[in-house]
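**Q** Just dropping this structure here.
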Amino acid sequence: MICIHWKGPLQLQQAYLIAIFGPHGPDVHQVPARVVRPGSSLGAISVDDLVAVLCPKGPLRMLVETAQERNEPIFPALIYSSAMIWMVGMANPAINAEPTNEETDEEAHQSEGSALAGDWAEPETQVSSGMNRSYSTEDDLDEEDRGVKLGLGDFIFYSVLVGKAATTGGDWNTTLACFVAILIGLCLTLLLLAIFKKALPALPISITFGLVFYFSTDNLVRPFMDNLAAHQFYI
Amino acid sequence: MTASVFFGCTFIAFGPAIALFLFTIARDPLRVIFLIAGAFFWLCSLLLSSLVWFITVQISDKESASQQKGLLIFGVVLSVLLQETFRFGYYKLLKKANEGLLTLSAEETMPISIRQLAYVSGLGFGFMSGAFSMVNILADSIGPGTIGIHGDSQHYFLSSAFMTMAVILLHMFWGVVFFDSCEKQHWWSLAVVVISHLLVSCLTFQNPQYVGSLVPTYIIMFFMGLWAFFCAGGSLRNLKLCLTCKDKDFLLANHRPR
């Protein structure tokens with residue numbers, strides 16, 4: 001808790017957030033399937049994410065812009081930040097041997113999830129465009145202020161999808177396929193982020209990939225692999 | 001089946017690959033990303049080949065066992081060819097991405113060389129291939145049951161584990177040789193890689209006569225390993241320097257300040 005709200009090692013903060021929010025994925029499955037079907041609800045949530053972040057009057061876009069105007073960080077317990085500098089001319093601070101006074105153009109990829117108890121978390125990934133900061137030798141920049149930030153609600157939805165894949169069907173191949181697809185979706189989102197340099201929703205690409213691979217692995221790849229394993233053929 | 005079978009088979013199949021990952025890839029996030037991307041490309045190739053196989057099965061005679069087996073063999077051959085095609089596609093994508101990264105970043109050298117990418121992508125293909133082959137079998141090995149109760153081979157789990165290990169390492173060697181051949185435009189060595197992959201898969205049609213499939217696979221793996229070693233720039237001199245810890249370039253490059 002100290003790590004999140006005050007100062008502490010970044011790895012500890014990251015580990016704590018993952019440990020707390022990751023396992024909530026399967027909790028969603030406690031809701032009976034006739035009330036909400038995870039496949040369609042995931043699709044609906046990702047469309048909603050897209051709208052909320054990209055539309056000019058979208059609530060999350062306004063939230064991020066307000067935070068930027070007031071020069072305040074978004075509530076730290078709702079964001080997962082990585083210290084990895086993903087793009088463009090900024091050397092990784094661990095190997096940066098000569099810190100000089102440079103203006104660095106950073107993309108702070110911020111996202112927010114409203115993790116109210118009992119409510120659906122609304123995840124968005126947002127990026128504030130080009131915050132210029134001077135990087136001095138005193139190293140007064142917090143490690144968290146650099147690198148990309150991802151909303152914790154996003155984590156929950158990723159783990160919902162993987163959890164659904166794991167619990168239904170009992171086939172590990174489907175789970176693995178979803179896992180890889182979501183990771184690639186996240187990579188693509190970060191790539192788009194580097195290109196467009198503005199707030200982007202984290203969900204749509206990952207969830208789309210995840211769902212596509214989930215259904216196709218379940219229906220197409222599974223019989224193929226089962227047949228191969230039965231004869232012990234290797235591809 | 002027992003826990004010892006499960007753990008034994010897991011470590012036989014994935015031990016070398018996990019060790020390689022932990023010691024050479026895990027520390028560098030860029031390599032991890034390219035590993036996952038390699039795994040994704042393998043997955044796409046599998047998806048496409050499963051789709052084609054599924055369609056052929058739907059339009060075929062489902063009662064005839066020999067026809068189904070024939071279709072499965074066709075599926076295997078198609079899958080191998082598609083995997084190599086997707087490996088080539090990944091190579092093209094990485095070349096473009098490397099150029100892009102170079103222009104975007106202020107540094108003058110590429111953050112990751114094409115040889116490292118070859119190794120990482122080969123391992124990514126291997127991980128995914130091994131995982132898809134082995135994970136369901138491992139999950140079944142924890143549950144109750146008796147192997148070969150209907151007269152099938154008793155060595156199913158063990159042979160699967162050894163085969164999976166060979167396939168993972170082979171994918172890594174194929175990746176290195178493949179990328180090197182593409183760089184130097186030696187199309188004949190590219191063809192040799194594809195043919196050896198086809199050979200390894202076709203040898204498994206002899207299962208459960210494991211002598212016919214496992215032994216040649218390991219021989220092929222040994223020779224591919226040697227070839228990949230020389231493709232990656234290794235030599236007897238390098239090896240000697242490395243083993244006696246006298247390789248100054250390596251020591252300097254990996255020196256971490258305390």
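Identifiers in the structure tokens: chain A, B, ... in order shown; residue index from 1 per chain; ligand index from 1 in order shown.
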Give me, as an MDAnalysis selection string, all polymer residues having an atom no more than 12 Å from range 200-211 of chain B, counting only C-alpha atoms and skipping those fewer than 6 positions away in the same chain.
**A** (chainID A and resid 228:235) or (chainID B and resid 69:70 72:81 148 151:160 162:164 166:167 170:171 174 193:194 217:221 224)
**Q** Write out as a ChimeraX atom specification each polymer residue whose atoms come within 8 Å of range 117-134 of chain B, counting only C-alpha atoms; drop sequence neighbours fewer than 6 positions from it.
**A** /A:173,225,229,234-235 /B:13-14,17,25,31,34-39,41-43,94,160-161,164-165,167-176,178-180
**Q** Output N, CA and C atoms of each residue in that selection to a file, as a CSV table (one decimal), in the first residue's frame.
**A**
```csv
chain,number,residue,atom,x,y,z
A,173,ASN,N,-4.8,-26.0,-24.7
A,173,ASN,CA,-4.4,-25.3,-25.9
A,173,ASN,C,-5.1,-24.0,-26.1
A,225,MET,N,-5.5,-31.1,-33.3
A,225,MET,CA,-4.5,-31.5,-32.3
A,225,MET,C,-4.8,-32.8,-31.6
A,229,ALA,N,-2.5,-36.0,-31.6
A,229,ALA,CA,-2.0,-36.6,-30.4
A,229,ALA,C,-2.4,-38.1,-30.3
A,234,TYR,N,3.7,-35.5,-35.1
A,234,TYR,CA,4.2,-34.2,-34.7
A,234,TYR,C,4.3,-33.3,-35.9
A,235,ILE,N,3.9,-32.1,-35.7
A,235,ILE,CA,4.0,-31.1,-36.8
A,235,ILE,C,5.1,-30.1,-36.5
B,13,ALA,N,10.6,-32.4,-21.4
B,13,ALA,CA,10.2,-31.7,-22.6
B,13,ALA,C,10.6,-30.2,-22.6
B,14,PHE,N,10.4,-29.5,-21.5
B,14,PHE,CA,10.6,-28.1,-21.5
B,14,PHE,C,11.8,-27.6,-20.8
B,17,ALA,N,14.4,-25.7,-22.9
B,17,ALA,CA,13.8,-24.4,-23.5
B,17,ALA,C,13.7,-23.4,-22.4
B,25,ILE,N,16.9,-14.8,-22.4
B,25,ILE,CA,15.9,-14.0,-23.0
B,25,ILE,C,15.2,-13.2,-21.9
B,31,ARG,N,13.5,-8.9,-26.3
B,31,ARG,CA,13.6,-10.3,-26.8
B,31,ARG,C,12.3,-11.0,-26.4
B,34,PHE,N,9.7,-10.3,-28.9
B,34,PHE,CA,9.8,-11.0,-30.2
B,34,PHE,C,9.6,-12.5,-30.0
B,35,LEU,N,9.9,-13.0,-28.8
B,35,LEU,CA,9.6,-14.4,-28.6
B,35,LEU,C,8.1,-14.7,-28.7
B,36,ILE,N,7.3,-13.8,-28.0
B,36,ILE,CA,5.8,-14.0,-28.0
B,36,ILE,C,5.3,-13.8,-29.4
B,37,ALA,N,5.9,-12.8,-30.2
B,37,ALA,CA,5.4,-12.6,-31.5
B,37,ALA,C,5.7,-13.8,-32.4
B,38,GLY,N,6.9,-14.5,-32.2
B,38,GLY,CA,7.2,-15.7,-32.9
B,38,GLY,C,6.2,-16.8,-32.6
B,39,ALA,N,5.8,-16.9,-31.3
B,39,ALA,CA,4.8,-17.9,-30.9
B,39,ALA,C,3.5,-17.6,-31.6
B,41,PHE,N,3.0,-16.1,-34.5
B,41,PHE,CA,3.1,-16.5,-35.9
B,41,PHE,C,2.9,-18.0,-36.1
B,42,TRP,N,3.5,-18.8,-35.2
B,42,TRP,CA,3.4,-20.2,-35.3
B,42,TRP,C,1.9,-20.6,-35.1
B,43,LEU,N,1.3,-19.9,-34.1
B,43,LEU,CA,-0.2,-20.1,-33.8
B,43,LEU,C,-1.0,-19.8,-35.1
B,94,LEU,N,10.3,-8.8,-39.6
B,94,LEU,CA,11.4,-8.3,-38.6
B,94,LEU,C,12.4,-7.4,-39.4
B,160,SER,N,6.6,-39.0,-25.9
B,160,SER,CA,6.1,-37.7,-26.2
B,160,SER,C,7.0,-36.6,-25.7
B,161,ALA,N,7.5,-36.8,-24.4
B,161,ALA,CA,8.3,-35.8,-23.8
B,161,ALA,C,9.6,-35.6,-24.6
B,164,THR,N,9.0,-34.0,-27.9
B,164,THR,CA,8.7,-32.5,-27.7
B,164,THR,C,10.0,-31.8,-27.5
B,165,MET,N,10.9,-32.3,-26.7
B,165,MET,CA,12.2,-31.6,-26.5
B,165,MET,C,13.0,-31.5,-27.8
B,167,VAL,N,11.8,-31.4,-30.8
B,167,VAL,CA,11.1,-30.5,-31.7
B,167,VAL,C,11.4,-29.0,-31.3
B,168,ILE,N,11.4,-28.8,-30.0
B,168,ILE,CA,11.6,-27.4,-29.5
B,168,ILE,C,13.0,-27.0,-29.9
B,169,LEU,N,14.0,-27.8,-29.6
B,169,LEU,CA,15.4,-27.4,-30.0
B,169,LEU,C,15.5,-27.3,-31.5
B,170,LEU,N,14.9,-28.2,-32.2
B,170,LEU,CA,15.0,-28.2,-33.7
B,170,LEU,C,14.4,-26.9,-34.2
B,171,HIS,N,13.3,-26.5,-33.7
B,171,HIS,CA,12.7,-25.2,-34.1
B,171,HIS,C,13.7,-24.0,-34.0
B,172,MET,N,14.4,-24.1,-32.8
B,172,MET,CA,15.4,-23.0,-32.6
B,172,MET,C,16.5,-23.1,-33.6
B,173,PHE,N,17.0,-24.3,-33.9
B,173,PHE,CA,18.1,-24.4,-34.8
B,173,PHE,C,17.6,-24.0,-36.2
B,174,TRP,N,16.4,-24.5,-36.6
B,174,TRP,CA,15.8,-24.1,-37.9
B,174,TRP,C,15.7,-22.6,-38.0
B,175,GLY,N,15.3,-22.0,-36.9
B,175,GLY,CA,15.2,-20.5,-37.0
B,175,GLY,C,16.5,-19.8,-37.3
B,176,VAL,N,17.5,-20.3,-36.6
B,176,VAL,CA,18.8,-19.7,-36.8
B,176,VAL,C,19.3,-19.9,-38.3
B,178,PHE,N,17.6,-20.7,-40.9
B,178,PHE,CA,16.6,-20.1,-41.9
B,178,PHE,C,16.9,-18.7,-42.1
B,179,PHE,N,17.0,-17.9,-41.0
B,179,PHE,CA,17.3,-16.5,-41.1
B,179,PHE,C,18.6,-16.2,-41.7
B,180,ASP,N,19.6,-17.1,-41.3
B,180,ASP,CA,20.9,-16.9,-41.9
B,180,ASP,C,20.9,-17.1,-43.4
```
**Q** Quick one, how far is CA of Ser141 in chain B from CA of Phe222 in chain B?
**A**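 CA of Phe222 in chain B lies 29.0 Å from CA of Ser141 in chain B.
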**Q** Give me, as a PyMOL selection string, all polymer residues having an atom no more than 10 Å from Ala165 in chain A, counting only C-alpha atoms and skipping those fewer than 4 positions away in the same chain.
**A** chain A and resi 159-161+169-179+210-211+214-215+218
**Q** Take the residues from that selection and write them out as a PDB file, in the first residue's frame, keeping N, CA, C and O atoms.
**A**
```pdb
ATOM      1  N   SER A 159      -7.887 -11.071 -17.838  1.00  0.00           N
ATOM      2  CA  SER A 159      -7.912 -12.329 -17.100  1.00  0.00           C
ATOM      3  C   SER A 159      -9.284 -12.983 -17.149  1.00  0.00           C
ATOM      4  O   SER A 159      -9.390 -14.204 -17.051  1.00  0.00           O
ATOM      5  N   VAL A 160     -10.352 -12.169 -17.372  1.00  0.00           N
ATOM      6  CA  VAL A 160     -11.680 -12.756 -17.577  1.00  0.00           C
ATOM      7  C   VAL A 160     -11.654 -13.654 -18.798  1.00  0.00           C
ATOM      8  O   VAL A 160     -12.108 -14.796 -18.774  1.00  0.00           O
ATOM      9  N   LEU A 161     -11.074 -13.130 -19.859  1.00  0.00           N
ATOM     10  CA  LEU A 161     -11.070 -13.889 -21.104  1.00  0.00           C
ATOM     11  C   LEU A 161     -10.249 -15.167 -20.959  1.00  0.00           C
ATOM     12  O   LEU A 161     -10.692 -16.253 -21.345  1.00  0.00           O
ATOM     13  N   GLY A 169     -14.329 -26.192 -21.387  1.00  0.00           N
ATOM     14  CA  GLY A 169     -13.670 -27.034 -22.377  1.00  0.00           C
ATOM     15  C   GLY A 169     -12.531 -27.862 -21.829  1.00  0.00           C
ATOM     16  O   GLY A 169     -12.260 -28.948 -22.323  1.00  0.00           O
ATOM     17  N   GLY A 170     -11.855 -27.380 -20.821  1.00  0.00           N
ATOM     18  CA  GLY A 170     -10.784 -28.161 -20.234  1.00  0.00           C
ATOM     19  C   GLY A 170      -9.613 -28.405 -21.161  1.00  0.00           C
ATOM     20  O   GLY A 170      -8.860 -29.352 -20.983  1.00  0.00           O
ATOM     21  N   ASP A 171      -9.470 -27.556 -22.165  1.00  0.00           N
ATOM     22  CA  ASP A 171      -8.397 -27.761 -23.119  1.00  0.00           C
ATOM     23  C   ASP A 171      -7.358 -26.664 -22.921  1.00  0.00           C
ATOM     24  O   ASP A 171      -7.664 -25.480 -23.042  1.00  0.00           O
ATOM     25  N   TRP A 172      -6.144 -27.076 -22.602  1.00  0.00           N
ATOM     26  CA  TRP A 172      -5.110 -26.092 -22.317  1.00  0.00           C
ATOM     27  C   TRP A 172      -4.650 -25.339 -23.559  1.00  0.00           C
ATOM     28  O   TRP A 172      -4.149 -24.216 -23.445  1.00  0.00           O
ATOM     29  N   ASN A 173      -4.800 -25.957 -24.721  1.00  0.00           N
ATOM     30  CA  ASN A 173      -4.375 -25.261 -25.945  1.00  0.00           C
ATOM     31  C   ASN A 173      -5.136 -23.961 -26.140  1.00  0.00           C
ATOM     32  O   ASN A 173      -4.576 -22.951 -26.563  1.00  0.00           O
ATOM     33  N   THR A 174      -6.437 -23.989 -25.832  1.00  0.00           N
ATOM     34  CA  THR A 174      -7.253 -22.791 -25.998  1.00  0.00           C
ATOM     35  C   THR A 174      -6.767 -21.692 -25.063  1.00  0.00           C
ATOM     36  O   THR A 174      -6.672 -20.515 -25.464  1.00  0.00           O
ATOM     37  N   THR A 175      -6.471 -22.075 -23.817  1.00  0.00           N
ATOM     38  CA  THR A 175      -5.985 -21.088 -22.850  1.00  0.00           C
ATOM     39  C   THR A 175      -4.683 -20.450 -23.329  1.00  0.00           C
ATOM     40  O   THR A 175      -4.518 -19.225 -23.290  1.00  0.00           O
ATOM     41  N   LEU A 176      -3.764 -21.303 -23.785  1.00  0.00           N
ATOM     42  CA  LEU A 176      -2.482 -20.789 -24.282  1.00  0.00           C
ATOM     43  C   LEU A 176      -2.679 -19.852 -25.457  1.00  0.00           C
ATOM     44  O   LEU A 176      -2.045 -18.804 -25.547  1.00  0.00           O
ATOM     45  N   ALA A 177      -3.564 -20.249 -26.369  1.00  0.00           N
ATOM     46  CA  ALA A 177      -3.793 -19.427 -27.562  1.00  0.00           C
ATOM     47  C   ALA A 177      -4.350 -18.064 -27.169  1.00  0.00           C
ATOM     48  O   ALA A 177      -3.916 -17.029 -27.702  1.00  0.00           O
ATOM     49  N   CYS A 178      -5.316 -18.057 -26.230  1.00  0.00           N
ATOM     50  CA  CYS A 178      -5.884 -16.776 -25.772  1.00  0.00           C
ATOM     51  C   CYS A 178      -4.812 -15.909 -25.139  1.00  0.00           C
ATOM     52  O   CYS A 178      -4.737 -14.707 -25.379  1.00  0.00           O
ATOM     53  N   PHE A 179      -3.979 -16.539 -24.328  1.00  0.00           N
ATOM     54  CA  PHE A 179      -2.926 -15.826 -23.618  1.00  0.00           C
ATOM     55  C   PHE A 179      -2.005 -15.113 -24.603  1.00  0.00           C
ATOM     56  O   PHE A 179      -1.745 -13.916 -24.494  1.00  0.00           O
ATOM     57  N   GLY A 210      -8.179 -12.015 -28.726  1.00  0.00           N
ATOM     58  CA  GLY A 210      -8.426 -13.087 -27.775  1.00  0.00           C
ATOM     59  C   GLY A 210      -9.661 -13.879 -28.128  1.00  0.00           C
ATOM     60  O   GLY A 210      -9.640 -15.114 -28.134  1.00  0.00           O
ATOM     61  N   LEU A 211     -10.746 -13.175 -28.456  1.00  0.00           N
ATOM     62  CA  LEU A 211     -11.987 -13.869 -28.786  1.00  0.00           C
ATOM     63  C   LEU A 211     -11.845 -14.662 -30.075  1.00  0.00           C
ATOM     64  O   LEU A 211     -12.278 -15.813 -30.167  1.00  0.00           O
ATOM     65  N   TYR A 214      -9.820 -17.616 -29.359  1.00  0.00           N
ATOM     66  CA  TYR A 214     -10.524 -18.546 -28.475  1.00  0.00           C
ATOM     67  C   TYR A 214     -11.473 -19.410 -29.284  1.00  0.00           C
ATOM     68  O   TYR A 214     -11.433 -20.640 -29.216  1.00  0.00           O
ATOM     69  N   PHE A 215     -12.332 -18.772 -30.089  1.00  0.00           N
ATOM     70  CA  PHE A 215     -13.330 -19.558 -30.808  1.00  0.00           C
ATOM     71  C   PHE A 215     -12.698 -20.433 -31.880  1.00  0.00           C
ATOM     72  O   PHE A 215     -13.103 -21.572 -32.093  1.00  0.00           O
ATOM     73  N   ASP A 218     -10.812 -23.357 -30.233  1.00  0.00           N
ATOM     74  CA  ASP A 218     -11.740 -24.308 -29.656  1.00  0.00           C
ATOM     75  C   ASP A 218     -12.397 -25.176 -30.724  1.00  0.00           C
ATOM     76  O   ASP A 218     -12.594 -26.371 -30.545  1.00  0.00           O
TER      77      ASP A 218
END
```
**Q** Within range 73-242 of chain B, find each residue whose DSSP state, derived from the backbone, is alpha helix (DSSP H), and express the selection as JSON, numbers by chain.
**A** {"B": [73, 74, 75, 76, 77, 78, 79, 80, 81, 82, 83, 84, 85, 86, 87, 88, 89, 90, 91, 92, 93, 94, 95, 96, 97, 98, 99, 100, 101, 102, 103, 104, 114, 115, 116, 117, 118, 119, 120, 121, 122, 123, 124, 125, 126, 127, 128, 129, 130, 131, 132, 133, 134, 135, 136, 137, 138, 139, 140, 141, 142, 156, 157, 158, 159, 160, 161, 162, 163, 164, 165, 166, 167, 168, 169, 170, 171, 172, 173, 174, 175, 176, 177, 178, 179, 180, 181, 182, 183, 184, 187, 188, 189, 190, 191, 192, 193, 194, 195, 196, 197, 198, 199, 200, 201, 202, 203, 210, 211, 212, 213, 214, 215, 216, 217, 218, 219, 220, 221, 222, 223, 224, 225, 226, 227, 228, 229, 230, 231, 236, 237, 238, 239, 240, 241, 242]}
**Q** Find the residues around Ser60 in chain B up to 9 Å (only C-alpha atoms counted), leave out those fewer than 6 positions away in its own chain, and share them as number ranges by chain.
**A** B: 67-68, 71
**Q** Can I get the selection written as a PDB file, in the first residue's frame, with N, CA, C and O atoms?
**A**
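Contents of again.pdb, as written:
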```pdb
ATOM      1  N   GLN B  67      -9.197 -43.113 -45.016  1.00  0.00           N
ATOM      2  CA  GLN B  67      -9.269 -41.786 -45.629  1.00  0.00           C
ATOM      3  C   GLN B  67      -8.977 -40.705 -44.586  1.00  0.00           C
ATOM      4  O   GLN B  67      -8.297 -39.716 -44.876  1.00  0.00           O
ATOM      5  N   GLN B  68      -9.490 -40.920 -43.370  1.00  0.00           N
ATOM      6  CA  GLN B  68      -9.245 -39.940 -42.321  1.00  0.00           C
ATOM      7  C   GLN B  68      -7.758 -39.863 -42.017  1.00  0.00           C
ATOM      8  O   GLN B  68      -7.203 -38.769 -41.791  1.00  0.00           O
ATOM      9  N   LEU B  71      -6.080 -37.965 -44.698  1.00  0.00           N
ATOM     10  CA  LEU B  71      -6.316 -36.525 -44.571  1.00  0.00           C
ATOM     11  C   LEU B  71      -5.457 -35.937 -43.467  1.00  0.00           C
ATOM     12  O   LEU B  71      -4.972 -34.805 -43.569  1.00  0.00           O
TER      13      LEU B  71
END
```
